[in-house]
Amino acid sequence: MKQQTITAVNLSDTELGEIRGLIEQRSAILFDASRERFFSTRVREHLEERGLASGTALLRQIRGSSIEYEALLERLLTQETSFVRYPAVFDALDKKILPEVQERKFWENPRSLRIWSAGCSTGEEPYSIAITVCESLKFAEAWEIEILATDISRRALRHAERGLYSKRSIQNLSLPQAETYFSDTKHGFQVKPRIRRMISFAQMNLSESVYVGKLDCIFCMNVLMYFSDERRLAILRRFYDALEPGGYFFLGHSETLTNVPVKFEPVVVGGCRIYRKIALAESRRAALMMEGSL
Ligand SMILES: C[S@@+](CC[C@H](N)C(=O)[O-])C[C@H]1O[C@@H](n2cnc3c(N)ncnc32)[C@H](O)[C@@H]1O
């Protein structure tokens with residue numbers, strides 16, 4: 001019988017606290033009391049897998065090597081996602097937001113549409129956006145479309161770029177959508193090149209300020225909920241600045257901007273709450289009304 005070596009792991013609360021602090025400092029992800037058990041279990045598993053005897057040895061390793069730091073981070077990330085995760089959101093994109101962009105930009109040359117999926121995980125979110133754009137935008141080929149899909153996890157991005165999914169994971173899509181946008185291969189359902197070409201995948205840490213240009217929509221669903229209030233606010237302000245006036249911002253269902261001091265206007269469409277950056281003309285008009293000049 002094969003013998004298994006079990007290393008006795010020595011992990012104190014102080015060491016756990018230092019590891020937690022380092023992760024938060026570099027990635028913004030906060031493991032608060034509600035995720036304490038998840039955090040310590042995963043760190044312990046990592047120590048065992050790496051054959052390290054203490055938290056101090058792990059700290060030395062992750063401080064000295066970015067590869068080792070990333071390996072630990074990958075183990076700690078929550079990457080749950082699915083195609084068309086919130087149908088009402090994709091319905092709003094299809095029926096309200098894209099028609100609005102279409103009308104606003106109809107006479108622009110070139111006509112461009114830029115959408116960011118920030119924290120895209122294994123790609124289901126940006127591919128769902130691409131499918132919705134193809135179905136909603138009239139004469140999609142007449143537009144310059146870019147869907148920027150970023151994540152801190154290189155492993156998730158590799159999966160996303162491959163664009164290969166199981167039958168079960170595409171079950172939220174309709175049969176015509178599955179047939180139109182995927183090829184049924186012996187390895188699974190492969191995203192067709194037409195959809196794949198609309199997306200630029202890139203590794204990006206949201207806690208670092210990176211210039212992404214102006215965007216019509218930003219999706220950051222189920223990511224910021226893991227950050228501290230301070231980090232969340234700084235990132236939300238960057239999202240606000242990156243949006244075109246009249247652009248839209250999407251959070252996950254259980255997230256909200258209530259009591260967050262950013263200037264987004266909440267809009268409820270078909271039961272889902274999304275956020276809009278007020279267009280310049282509208283904010284001038286609102287200011288004039290406040291002054292009593294209108
Ligand atoms: C729960 S998933 C959400 C995926 C998708 N947005 C959705 O709602 O289905 C959270 C994603 O955020 C990513 N993430 C966490 N911290 C990040 C950071 N600092 N910068 C960029 N991405 C991050 C994780 O790797 C993970 O893929």
# chains A, B, ... in the order shown; residues from 1 in each chain; ligands from 1

$ closest_atom_pairs --of "region 89-147 of chain A" --to "region 209-231 of chain A" --cutoff "12 Å" --atoms "only C-alpha atoms" --output "tab-separated table"
residue	atom	partner	partner_atom	distance
A:Val89	CA	A:Phe219	CA	10.1
A:Phe90	CA	A:Phe219	CA	11.0
A:Leu93	CA	A:Cys217	CA	9.4
A:Ile97	CA	A:Cys217	CA	8.9
A:Leu98	CA	A:Asp216	CA	9.4
A:Glu100	CA	A:Asp216	CA	10.6
A:Val101	CA	A:Asp216	CA	7.8
A:Gln102	CA	A:Asp216	CA	11.0
A:Arg104	CA	A:Asp216	CA	11.1
A:Lys105	CA	A:Asp216	CA	10.8
A:Arg111	CA	A:Asp216	CA	11.9
A:Ser112	CA	A:Asp216	CA	9.1
A:Leu113	CA	A:Asp216	CA	6.4
A:Arg114	CA	A:Leu215	CA	5.0
A:Ile115	CA	A:Cys217	CA	4.8
A:Trp116	CA	A:Ile218	CA	4.7
A:Ser117	CA	A:Phe219	CA	4.8
A:Ala118	CA	A:Cys220	CA	5.0
A:Gly119	CA	A:Val223	CA	6.3
A:Cys120	CA	A:Cys220	CA	8.1
A:Ser121	CA	A:Val223	CA	9.8
A:Glu125	CA	A:Phe219	CA	8.7
A:Pro126	CA	A:Phe219	CA	9.0
A:Ser128	CA	A:Phe219	CA	11.6
A:Ile129	CA	A:Phe219	CA	9.5
A:Val133	CA	A:Cys217	CA	11.8
A:Ile145	CA	A:Asp216	CA	10.7
A:Glu146	CA	A:Leu215	CA	9.4
A:Ile147	CA	A:Leu215	CA	9.5

$ residues_near_ligand --ligand "ligand 1" --cutoff "9 Å" --atoms "only C-alpha atoms and all ligand atoms" --output "PDB file with C-alpha atoms, in the first residue's frame"
ATOM      1  CA  GLU A  24      -5.541  42.095   1.357  1.00  0.00           C
ATOM      2  CA  ARG A  26      -1.845  42.924  -2.668  1.00  0.00           C
ATOM      3  CA  SER A  27      -5.247  41.837  -3.996  1.00  0.00           C
ATOM      4  CA  ALA A  28      -7.813  43.865  -1.988  1.00  0.00           C
ATOM      5  CA  ILE A  29      -9.581  40.626  -0.995  1.00  0.00           C
ATOM      6  CA  LEU A  73      -4.029  33.280  -4.001  1.00  0.00           C
ATOM      7  CA  GLU A  74      -5.517  30.893  -6.599  1.00  0.00           C
ATOM      8  CA  LEU A  76      -8.258  31.351  -1.937  1.00  0.00           C
ATOM      9  CA  LEU A  77     -10.301  32.782  -4.817  1.00  0.00           C
ATOM     10  CA  THR A  78     -14.039  32.190  -5.146  1.00  0.00           C
ATOM     11  CA  GLN A  79     -14.779  31.705  -8.841  1.00  0.00           C
ATOM     12  CA  GLU A  80     -18.392  30.646  -8.908  1.00  0.00           C
ATOM     13  CA  THR A  81     -20.080  31.835 -12.101  1.00  0.00           C
ATOM     14  CA  SER A  82     -22.441  30.683 -14.847  1.00  0.00           C
ATOM     15  CA  PHE A  83     -23.794  31.621 -18.258  1.00  0.00           C
ATOM     16  CA  VAL A  84     -26.562  34.267 -18.044  1.00  0.00           C
ATOM     17  CA  ARG A  85     -26.185  34.168 -14.262  1.00  0.00           C
ATOM     18  CA  TYR A  86     -28.953  36.729 -13.729  1.00  0.00           C
ATOM     19  CA  SER A 117     -16.418  42.348 -17.498  1.00  0.00           C
ATOM     20  CA  ALA A 118     -14.253  43.049 -14.421  1.00  0.00           C
ATOM     21  CA  GLY A 119     -13.706  39.809 -12.488  1.00  0.00           C
ATOM     22  CA  CYS A 120     -14.793  37.603 -15.405  1.00  0.00           C
ATOM     23  CA  SER A 121     -13.736  34.299 -13.779  1.00  0.00           C
ATOM     24  CA  THR A 122     -13.802  31.408 -16.276  1.00  0.00           C
ATOM     25  CA  GLY A 123     -15.484  33.432 -19.054  1.00  0.00           C
ATOM     26  CA  GLU A 124     -19.195  32.621 -18.767  1.00  0.00           C
ATOM     27  CA  GLU A 125     -20.044  36.280 -18.039  1.00  0.00           C
ATOM     28  CA  PRO A 126     -18.214  37.917 -21.003  1.00  0.00           C
ATOM     29  CA  THR A 150     -10.240  40.757 -16.858  1.00  0.00           C
ATOM     30  CA  ASP A 151      -9.504  38.746 -13.751  1.00  0.00           C
ATOM     31  CA  ILE A 152      -6.727  38.425 -11.198  1.00  0.00           C
ATOM     32  CA  SER A 153      -6.654  34.640 -11.692  1.00  0.00           C
ATOM     33  CA  ARG A 154      -4.453  33.373 -14.510  1.00  0.00           C
ATOM     34  CA  ARG A 155      -5.935  29.900 -14.129  1.00  0.00           C
ATOM     35  CA  ALA A 156      -9.504  31.184 -14.611  1.00  0.00           C
ATOM     36  CA  LEU A 157      -8.390  33.231 -17.617  1.00  0.00           C
ATOM     37  CA  GLN A 203      -4.967  39.517 -16.289  1.00  0.00           C
ATOM     38  CA  MET A 204      -5.693  42.536 -14.111  1.00  0.00           C
ATOM     39  CA  ASN A 205      -5.769  43.193 -10.405  1.00  0.00           C
ATOM     40  CA  LEU A 206      -8.636  45.583  -9.675  1.00  0.00           C
ATOM     41  CA  SER A 207      -6.769  47.036  -6.727  1.00  0.00           C
ATOM     42  CA  GLU A 208      -4.212  48.476  -9.160  1.00  0.00           C
ATOM     43  CA  PHE A 219     -20.039  44.514 -15.201  1.00  0.00           C
ATOM     44  CA  CYS A 220     -18.423  43.901 -11.827  1.00  0.00           C
ATOM     45  CA  MET A 221     -20.670  41.238 -10.382  1.00  0.00           C
ATOM     46  CA  ASN A 222     -19.887  39.326  -7.191  1.00  0.00           C
ATOM     47  CA  VAL A 223     -16.355  40.676  -6.874  1.00  0.00           C
ATOM     48  CA  LEU A 224     -16.426  43.848  -4.761  1.00  0.00           C
ATOM     49  CA  TYR A 226     -15.064  40.553  -0.904  1.00  0.00           C
ATOM     50  CA  PHE A 227     -13.293  43.919  -0.530  1.00  0.00           C
ATOM     51  CA  LEU A 251     -23.429  44.589  -9.696  1.00  0.00           C
ATOM     52  CA  GLY A 252     -24.461  41.100  -8.552  1.00  0.00           C
TER      53      GLY A 252
END

$ residues_around --residues "region 276-280 of chain A" --least-positions-apart "6" --cutoff "10 Å" --atoms "only C-alpha atoms" --output "list in words"
Asp216, Cys217, Phe239, Tyr240, Asp241, Leu243, Glu244, Pro245, Gly246, Gly247, Tyr248, Phe249, Phe250, Val262, Lys263, Phe264, Glu265, Pro266, Val267 and Ala286 of chain A

$ select_by_dssp --residues "region 179-284 of chain A" --states "alpha helix (DSSP H)" --output "mmCIF file with N, CA and C atoms, in the first residue's frame"
data_model
loop_
_atom_site.group_PDB
_atom_site.id
_atom_site.type_symbol
_atom_site.label_atom_id
_atom_site.label_comp_id
_atom_site.auth_asym_id
_atom_site.auth_seq_id
_atom_site.Cartn_x
_atom_site.Cartn_y
_atom_site.Cartn_z
ATOM 1 N N GLU A 179 -26.667 26.232 -30.285
ATOM 2 C CA GLU A 179 -26.314 25.785 -31.642
ATOM 3 C C GLU A 179 -25.645 26.892 -32.459
ATOM 4 N N THR A 180 -26.069 28.135 -32.209
ATOM 5 C CA THR A 180 -25.520 29.238 -33.004
ATOM 6 C C THR A 180 -24.105 29.626 -32.543
ATOM 7 N N TYR A 181 -23.876 29.613 -31.238
ATOM 8 C CA TYR A 181 -22.624 30.201 -30.731
ATOM 9 C C TYR A 181 -21.588 29.182 -30.257
ATOM 10 N N PRO A 193 -15.526 31.049 -33.092
ATOM 11 C CA PRO A 193 -14.582 32.164 -33.252
ATOM 12 C C PRO A 193 -15.263 33.532 -33.335
ATOM 13 N N ARG A 194 -16.426 33.600 -33.919
ATOM 14 C CA ARG A 194 -17.136 34.890 -34.058
ATOM 15 C C ARG A 194 -17.343 35.550 -32.679
ATOM 16 N N ILE A 195 -17.675 34.733 -31.670
ATOM 17 C CA ILE A 195 -17.908 35.241 -30.312
ATOM 18 C C ILE A 195 -16.572 35.470 -29.610
ATOM 19 N N ARG A 196 -15.667 34.512 -29.792
ATOM 20 C CA ARG A 196 -14.349 34.588 -29.137
ATOM 21 C C ARG A 196 -13.615 35.877 -29.549
ATOM 22 N N ASP A 229 -14.633 48.308 2.661
ATOM 23 C CA ASP A 229 -15.405 49.477 2.191
ATOM 24 C C ASP A 229 -14.505 50.479 1.479
ATOM 25 N N GLU A 230 -13.340 50.677 2.051
ATOM 26 C CA GLU A 230 -12.422 51.688 1.514
ATOM 27 C C GLU A 230 -11.941 51.305 0.099
ATOM 28 N N ARG A 231 -11.523 50.034 -0.061
ATOM 29 C CA ARG A 231 -11.050 49.553 -1.370
ATOM 30 C C ARG A 231 -12.198 49.584 -2.379
ATOM 31 N N ARG A 232 -13.386 49.169 -1.926
ATOM 32 C CA ARG A 232 -14.544 49.112 -2.815
ATOM 33 C C ARG A 232 -14.849 50.512 -3.364
ATOM 34 N N LEU A 233 -14.810 51.496 -2.466
ATOM 35 C CA LEU A 233 -15.128 52.858 -2.876
ATOM 36 C C LEU A 233 -14.113 53.367 -3.906
ATOM 37 N N ALA A 234 -12.825 53.098 -3.656
ATOM 38 C CA ALA A 234 -11.791 53.570 -4.592
ATOM 39 C C ALA A 234 -12.015 52.948 -5.973
ATOM 40 N N ILE A 235 -12.354 51.666 -6.008
ATOM 41 C CA ILE A 235 -12.554 50.982 -7.301
ATOM 42 C C ILE A 235 -13.821 51.505 -7.983
ATOM 43 N N LEU A 236 -14.889 51.721 -7.182
ATOM 44 C CA LEU A 236 -16.137 52.236 -7.759
ATOM 45 C C LEU A 236 -15.919 53.611 -8.386
ATOM 46 N N ARG A 237 -15.094 54.422 -7.741
ATOM 47 C CA ARG A 237 -14.812 55.765 -8.303
ATOM 48 C C ARG A 237 -14.077 55.630 -9.626
ATOM 49 N N ARG A 238 -13.172 54.661 -9.725
ATOM 50 C CA ARG A 238 -12.463 54.456 -11.001
ATOM 51 C C ARG A 238 -13.433 53.969 -12.068
ATOM 52 N N PHE A 239 -14.349 53.079 -11.699
ATOM 53 C CA PHE A 239 -15.356 52.609 -12.663
ATOM 54 C C PHE A 239 -16.183 53.799 -13.162
ATOM 55 N N TYR A 240 -16.582 54.655 -12.225
ATOM 56 C CA TYR A 240 -17.416 55.807 -12.586
ATOM 57 C C TYR A 240 -16.677 56.665 -13.627
ATOM 58 N N ASP A 241 -15.403 56.949 -13.353
ATOM 59 C CA ASP A 241 -14.630 57.789 -14.267
ATOM 60 C C ASP A 241 -14.460 57.124 -15.637
ATOM 61 N N ALA A 242 -14.368 55.789 -15.642
ATOM 62 C CA ALA A 242 -14.126 55.081 -16.914
ATOM 63 C C ALA A 242 -15.381 54.976 -17.782
ATOM 64 N N LEU A 280 -23.839 64.365 -19.203
ATOM 65 C CA LEU A 280 -23.474 65.739 -18.834
ATOM 66 C C LEU A 280 -24.640 66.717 -18.913
ATOM 67 N N ALA A 281 -25.378 66.642 -20.042
ATOM 68 C CA ALA A 281 -26.498 67.570 -20.240
ATOM 69 C C ALA A 281 -27.519 67.421 -19.111
ATOM 70 N N GLU A 282 -27.729 66.160 -18.682
ATOM 71 C CA GLU A 282 -28.712 65.924 -17.611
ATOM 72 C C GLU A 282 -28.228 66.510 -16.298
ATOM 73 N N SER A 283 -26.904 66.362 -15.998
ATOM 74 C CA SER A 283 -26.447 66.862 -14.706
ATOM 75 C C SER A 283 -26.440 68.397 -14.693
ATOM 76 N N ARG A 284 -26.165 69.028 -15.888
ATOM 77 C CA ARG A 284 -26.239 70.498 -15.953
ATOM 78 C C ARG A 284 -27.668 70.956 -15.704
#

$ atom_distance --atom1 "CA of Ala202 (chain A)" --atom2 "CA of Pro110 (chain A)"
24.4 Å

$ atom_distance --atom1 "CA of Ala160 (chain A)" --atom2 "CA of Leu47 (chain A)"
28.1 Å

$ atom_distance --atom1 "CA of Tyr165 (chain A)" --atom2 "CA of Phe189 (chain A)"
5.1 Å

$ closest_residue --among "A:Glu135, A:Glu18, A:Glu36, A:Asp184" --to "Pro99 (chain A)" --atoms "only C-alpha atoms"
A:Glu135

$ residues_around --residues "Thr14 (chain A)" --least-positions-apart "3" --cutoff "12 Å" --atoms "only C-alpha atoms" --output "ChimeraX atom specification"
/A:10-11,17-21,40,54-56,59

$ write_last_selection --atoms "C-alpha atoms" --output "JSON list (two decimals), in the first residue's frame"
[["chain", "number", "residue", "atom", "x", "y", "z"],
["A", 10, "ASN", "CA", 2.00, 24.63, 12.75],
["A", 11, "LEU", "CA", -0.24, 27.61, 12.02],
["A", 17, "GLY", "CA", -3.37, 37.30, 10.46],
["A", 18, "GLU", "CA", -0.14, 38.16, 8.63],
["A", 19, "ILE", "CA", -1.08, 36.03, 5.62],
["A", 20, "ARG", "CA", -4.54, 37.64, 5.57],
["A", 21, "GLY", "CA", -2.97, 41.12, 5.70],
["A", 40, "SER", "CA", -7.78, 28.93, 7.57],
["A", 54, "SER", "CA", 4.59, 26.41, 9.58],
["A", 55, "GLY", "CA", 2.81, 29.62, 8.68],
["A", 56, "THR", "CA", 6.16, 31.42, 9.03],
["A", 59, "LEU", "CA", 5.03, 33.71, 4.71]]

$ select_by_dssp --residues "region 33-244 of chain A" --states "strand (DSSP E or B)" --output "ChimeraX atom specification"
/A:54,111-118,143-151,164-165,182-185,188-191,199-203,215-219,227,243-244

$ closest_residue --among "A:Ala33, A:Ile170, A:Leu22, A:Leu175" --to "Arg63 (chain A)" --atoms "only C-alpha atoms"
A:Leu22

$ residues_around --residues "Lys96 (chain A)" --least-positions-apart "6" --cutoff "10 Å" --atoms "only C-alpha atoms" --output "PyMOL selection string"
chain A and resi 90+136+269-270

$ residues_around --residues "Lys186 (chain A)" --least-positions-apart "6" --cutoff "12 Å" --atoms "only C-alpha atoms" --output "list of chain:residue names"
A:Leu164, A:Tyr165, A:Ser166, A:Lys167

$ write_last_selection --atoms "all heavy atoms" --output "mmCIF file, in the first residue's frame"
data_model
loop_
_atom_site.group_PDB
_atom_site.id
_atom_site.type_symbol
_atom_site.label_atom_id
_atom_site.label_comp_id
_atom_site.auth_asym_id
_atom_site.auth_seq_id
_atom_site.Cartn_x
_atom_site.Cartn_y
_atom_site.Cartn_z
ATOM 1 N N LEU A 164 -14.075 26.424 -23.671
ATOM 2 C CA LEU A 164 -14.619 25.071 -23.765
ATOM 3 C C LEU A 164 -15.434 24.770 -22.505
ATOM 4 O O LEU A 164 -14.911 24.859 -21.390
ATOM 5 C CB LEU A 164 -13.437 24.100 -23.872
ATOM 6 C CG LEU A 164 -13.717 22.690 -24.349
ATOM 7 C CD1 LEU A 164 -14.285 22.675 -25.760
ATOM 8 C CD2 LEU A 164 -12.414 21.885 -24.318
ATOM 9 N N TYR A 165 -16.711 24.411 -22.701
ATOM 10 C CA TYR A 165 -17.605 24.231 -21.555
ATOM 11 C C TYR A 165 -18.372 22.921 -21.661
ATOM 12 O O TYR A 165 -18.594 22.413 -22.763
ATOM 13 C CB TYR A 165 -18.578 25.415 -21.466
ATOM 14 C CG TYR A 165 -17.852 26.735 -21.268
ATOM 15 C CD1 TYR A 165 -17.515 27.534 -22.362
ATOM 16 C CD2 TYR A 165 -17.449 27.151 -20.004
ATOM 17 C CE1 TYR A 165 -16.811 28.719 -22.191
ATOM 18 C CE2 TYR A 165 -16.743 28.334 -19.823
ATOM 19 C CZ TYR A 165 -16.431 29.104 -20.924
ATOM 20 O OH TYR A 165 -15.719 30.270 -20.740
ATOM 21 N N SER A 166 -18.812 22.427 -20.497
ATOM 22 C CA SER A 166 -19.582 21.183 -20.490
ATOM 23 C C SER A 166 -21.029 21.485 -20.926
ATOM 24 O O SER A 166 -21.473 22.649 -20.864
ATOM 25 C CB SER A 166 -19.594 20.589 -19.082
ATOM 26 O OG SER A 166 -20.326 21.455 -18.240
ATOM 27 N N LYS A 167 -21.745 20.421 -21.289
ATOM 28 C CA LYS A 167 -23.148 20.578 -21.696
ATOM 29 C C LYS A 167 -23.936 21.193 -20.525
ATOM 30 O O LYS A 167 -24.792 22.059 -20.710
ATOM 31 C CB LYS A 167 -23.710 19.209 -22.063
ATOM 32 C CG LYS A 167 -25.074 19.276 -22.661
ATOM 33 C CD LYS A 167 -25.490 17.938 -23.207
ATOM 34 C CE LYS A 167 -26.830 18.099 -23.908
ATOM 35 N NZ LYS A 167 -27.237 16.904 -24.587
#
